[in-house]
Amino acid sequence: MRDHLGRPVVVVTGLGAVTALGFGVKDNWSRLLAGQSGIRRITRFPTEHLKTTIAGTVDLPGDEGFTSPERVERMAAMAIEEAVAESAIGTKGAFPGPLFLGMPPVEVEWPHRFSLARAGDPTYPGMTAAAAGRADIYETCLYGGVGERLAARFGTRGAPITTTTACATGATAIQLGVEAIQRGETEACIALGADGTVQPEALIRFSLLSALSQRNDDPTKASRPFEKNRAGFVMSEGAAALVLESYEAARARGATILGIVAGAGERADNFHRTRSNPDGRAIVGAMKNALADAGLEPGDISYVNAHGTGTPENDKMENFGMRAVFGEDAPPISSNKSMIGHTLSAAGALEAVFSLLTIRDGRLPPTINYDEPDPSITLDVVPNVARDATVKHVLSNSFGFGGQNVCLVLSGEPR
Amino acid sequence: MTRHEVVVTGIGLVTALGEGPDAHWNALSAGTAPVVDEATYAPWPVHPLPALNLDAQIPKKGDQRQMEPWQRLGTYAAGLAIDDANARGLVEDMHLIVAAGGGERDLALDEQVNAELANRNDGGGDRLNELLATGLRPTLFLAQLSNLLAGNISIVHGVTGSSRTFMGEESAAADAVRIAHARLAEGRGGIALVGGAMTAQRWDLLLLYRGGEGMYQGAFKPLSARQGMVLGSTAGFLVLETAEHAAARGARVLARLDAVASDTTRRAAPGDSAAAARALLPRVAPDGVDAVISGNSGSPAASAEEEAFLRELKLPVRRPASLIGHGVEGAFPAHVALAALALSRGGFYAPMDPADSGEAASPNRLLVTGFGQWRGEALATLSRAEAT
């Protein structure tokens with residue numbers, strides 16, 4: 001089966017998800033539909049002197065000493081395991097296609113530096129001398145390390161691709177996988193996004209950008225996308241994986257088709273490092289490009305899975321962009337981030353997973369914490385309570401710091 | 001699906017030898033000595049950046065202040081490539097893939113925190129929070145964030161067609177070139193900018209790579225006379241276009257980028273990596289090549305695999321890392337740029353290393369190799385433009 005541009009149709013045959021709401025797609029989805037929040041006080045490390053002391057952490061068994069790359073790898077592996085099992089593709093440890101991994105940048109972290117400095121010299125020349133033989137630090141903190149270990153574990157083919165486009169990362173990973181199937185490089189691939197960087201330095205960095213909510217006394221109320229009193233996002237962890245296949249390959253092996261990735265669109269912004277151009281051109285362009293790539297008109301979209309971070313700026317611009325694309329008849333839009341927080345590099349992939357479930361169940365997850373409407377947000381944000389709806393096509397928005405914007409169109413199984 | 005030929009119409013090249021096509025062609029075709037700083041990072045020699053007139057490519061001081069040296073280098077070289085392609089008017093719909101490093105640290109702050117907290121047995125506790133909350137510069141995060149090299153290329157040069165950043169050392173750069181090529185070949189856009197950059201003058205990076213046992217320490221020696229990598233500050237950016245897009249605007253074509261292929265072996269046994277490259281060769285060079293620009297980094301295990309692969313080719317080989325050092329994310333695109341440059345000048349380079357042998361007076365087709373210091377094997381082939 002080919003799409004309107006003559007490309008192989010790309011279907012989804014396996015999903016996996018980990019968030020602060022739980023492990024596995026099923027639990028996550030039922031808790032999202034129930035409007036539960038996974039945001040809580042951070043207990044993993046001391047939070048004195050931090051402006052923000054809440055997050056959507058994923059607490060892994062025995063993970064106290066883990067650094068971010070180890071956490072990312074663990075959650076990524078869980079999500080892939082679940083997606084590959086559902087897809088029932090390949091054989092154990094031999095996935096018949098490449099890996100596209102969206103994850104945050106990694107670097108040598110404080111536990112590594114302290115361990116090197118304890119050799120006696122806290123300076124960089126001293127630590128560098130002490131790093132001799134520390135293959136553990138080298139292989140953990142190389143940018144290609146996590147992807148390579150996941151590729152080895154799941155036996156994916158070819159060079160694993162690791163990508164980062166800030167908050168659009170997970171969507172970029174899916175887009176790369178879709179393109180590889182469309183151009184006939186492969187008949188299947190794993191695309192995922194994973195993030196696990198809730199640690200003091202990362203929180204402080206985002207705080208210095210004035211990006212984080214400081215509503216520490218009431219964690220479940222802190223993430224308030226589209227609401228009048230929203231004041232920043234809540235940093236979170238998680239992972240989501242999708243097994244993507246060409247329609248033909250999936251049908252030929254009798255796989256259950258969960259939905260299709262009908263289109264992807266992107267547009268970069270050149271206005272500012274952390275803000276969209278007030279003319280909205282890049283986010284509007286990304287949405288329109290995704291619709292055009294899917295061969296759809298705005299009126300075909302039943303629901304939009306928002307970027308919806310809960311920063312004053314993002315939500316205002318997303319509302320603006322939605323109106324520019326959809327006009328008066330904008331479809332309902334809701335933000336998963338109201339419940340799971342902003343999972344950063346994982347967000348685009350998690351939101352693609354939840355978009356597919358929205359289509360499957362005909363039920364829109366809510367935007368929780370919508371207590372007081374913001375007059376400048378004119379969209380139907382599915383406030384507080386999930387709602388039944390007939391959903392054929394979902395637009396999923398991801399807008400990143402650095403001006404990297406990616407939108408996906410997810411659709412039901414072709415009939 | 002119609003396949004489009006892909007051509008190189010601009011290169012942005014910065015190494016310790018200088019910047020731009022002429023500086024590199026003149027030095028490398030005649031033969032030159034390396035520029036080495038053996039003192040600043042002793043015992044680790046590095047090939048330093050040349051002096052750059054940043055204002056020429058990053059006119060706003062405010063933009064320069066929002067970047068650490070790695071982002072500035074990459075943004076600068078990206079601008080050189082756009083200028084070389086005479087493509088300033090095409091940036092709005094230009095696609096972008098960057099192979100990124102990043103992670104530059106505030107060394108003074110790190111050393112201060114280390115000195116106070118390393119020997120506590122609680123991981124630093126709340127005092128770590130306090131020192132970081134008061135010590136971290138607000139601008140540092142974005143100034144060293146991996147995807148912000150691409151972000152700055154969008155902001156400074158206006159490249160907005162799309163923007164993707166790959167991570168993963170050498171192979172990230174090879175796959176960036178591979179995917180940029182594949183997207184143009186299948187008709188996704190007409191013009192793309194792809195490349196990577198790495199600054200060698202960084203203790204935090206020396207620290208990371210030191211753990212891998214691939215670094216050379218001691219008095220500088222050429223690549224084939226040492227065991228290990230000497231890092232060299234490197235930026236390589238390429239403007240790629242479909243042949244139709246280039247012809248329609250009358251662009252000067254430096255070379256045709258015929259094919260790019262990559263793989264990743266686990267390197268579980270000696271010979272695995274060379275075998276992977278051998279398997280890629282027919283995909284990129286079904287009709288053979290005249291000479292090779294080798295990405296040999298010097299990292300001992302990878303270097304042995306690459307040399308085994310090169311010996312079988314029995315072709316003239318040049319090893320740029322001997323003169324400019326290993327450029328990690330910058331290496332593969334810089335070496336592709338050097339191949340395009342040689343093809344456009346109708347000549348080849350003088351030996352760069354004592355092990356470089358063979359002559360190729362006027363090559364028609366060149367192979368570029370890239371063996372990652374830890375993982376990744378990649379090959380690219382380029383042809384002379386008039387041979388298309």
# chains A, B, ... in the order shown; residues from 1 in each chain; ligands from 1
>>> interface_residues(of="chain A", to="chain B", cutoff="7 Å", atoms="only C-alpha atoms", output="count of residues only")
50
>>> select_by_dssp(residues="region 167-358 of chain A", states="strand (DSSP E or B)", output="VMD selection string")
chain A and resid 167 188 to 195 212 227 233 235 to 236 238 to 246 259 to 268 303 to 305 333 to 334 342
>>> residues_around(residues="Ala225 (chain B)", least_positions_apart="2", cutoff="10 Å", atoms="only C-alpha atoms", output="PDB file with N, CA and C atoms, in the first residue's frame")
ATOM      1  N   PHE B 220      54.923  15.311  20.096  1.00  0.00           N
ATOM      2  CA  PHE B 220      54.155  15.069  18.868  1.00  0.00           C
ATOM      3  C   PHE B 220      54.914  14.191  17.879  1.00  0.00           C
ATOM      4  N   LYS B 221      54.191  13.271  17.293  1.00  0.00           N
ATOM      5  CA  LYS B 221      54.720  12.434  16.204  1.00  0.00           C
ATOM      6  C   LYS B 221      53.623  12.298  15.151  1.00  0.00           C
ATOM      7  N   PRO B 222      54.019  12.012  13.908  1.00  0.00           N
ATOM      8  CA  PRO B 222      52.977  11.771  12.890  1.00  0.00           C
ATOM      9  C   PRO B 222      52.134  10.546  13.237  1.00  0.00           C
ATOM     10  N   LEU B 223      51.001  10.473  12.588  1.00  0.00           N
ATOM     11  CA  LEU B 223      50.018   9.426  12.882  1.00  0.00           C
ATOM     12  C   LEU B 223      50.610   8.019  12.862  1.00  0.00           C
ATOM     13  N   GLN B 227      50.987   5.614  18.582  1.00  0.00           N
ATOM     14  CA  GLN B 227      49.803   4.818  18.890  1.00  0.00           C
ATOM     15  C   GLN B 227      48.841   5.743  19.608  1.00  0.00           C
ATOM     16  N   GLY B 228      47.830   6.230  18.917  1.00  0.00           N
ATOM     17  CA  GLY B 228      46.830   7.029  19.618  1.00  0.00           C
ATOM     18  C   GLY B 228      46.398   8.263  18.868  1.00  0.00           C
ATOM     19  N   GLY B 298      43.775   7.378  14.539  1.00  0.00           N
ATOM     20  CA  GLY B 298      44.921   7.082  15.381  1.00  0.00           C
ATOM     21  C   GLY B 298      44.574   6.222  16.575  1.00  0.00           C
ATOM     22  N   SER B 322      47.041  13.025  10.432  1.00  0.00           N
ATOM     23  CA  SER B 322      48.461  13.194  10.750  1.00  0.00           C
ATOM     24  C   SER B 322      48.842  14.671  10.780  1.00  0.00           C
ATOM     25  N   ASP B 353      51.419  12.015   5.753  1.00  0.00           N
ATOM     26  CA  ASP B 353      51.970  11.161   6.800  1.00  0.00           C
ATOM     27  C   ASP B 353      53.034  10.292   6.143  1.00  0.00           C
ATOM     28  N   PRO B 354      54.064   9.897   6.919  1.00  0.00           N
ATOM     29  CA  PRO B 354      55.093   9.026   6.319  1.00  0.00           C
ATOM     30  C   PRO B 354      54.520   7.756   5.691  1.00  0.00           C
ATOM     31  N   ALA B 355      53.371   7.300   6.164  1.00  0.00           N
ATOM     32  CA  ALA B 355      52.793   6.077   5.600  1.00  0.00           C
ATOM     33  C   ALA B 355      51.993   6.349   4.330  1.00  0.00           C
TER      34      ALA B 355
END
>>> residues_around(residues="Thr156 (chain A)", least_positions_apart="4", cutoff="8 Å", atoms="only C-alpha atoms", output="MDAnalysis selection string")
chainID A and resid 93:99 151:152 160
>>> closest_residue(among="B:Val230, B:Ala27, B:Ala85, B:Leu257", to="Arg178 (chain B)", atoms="only C-alpha atoms")
B:Leu257
>>> atom_distance(atom1="CA of Met103 (chain A)", atom2="CA of Ala17 (chain A)")
14.6 Å
>>> select_by_dssp(residues="region 177-349 of chain A", states="helix (DSSP H, G or I)", output="NGL selection string")
:A and (177-182 or 200-208 or 219-221 or 247-252 or 281-294 or 298-300 or 312-329 or 337-340 or 344-349)
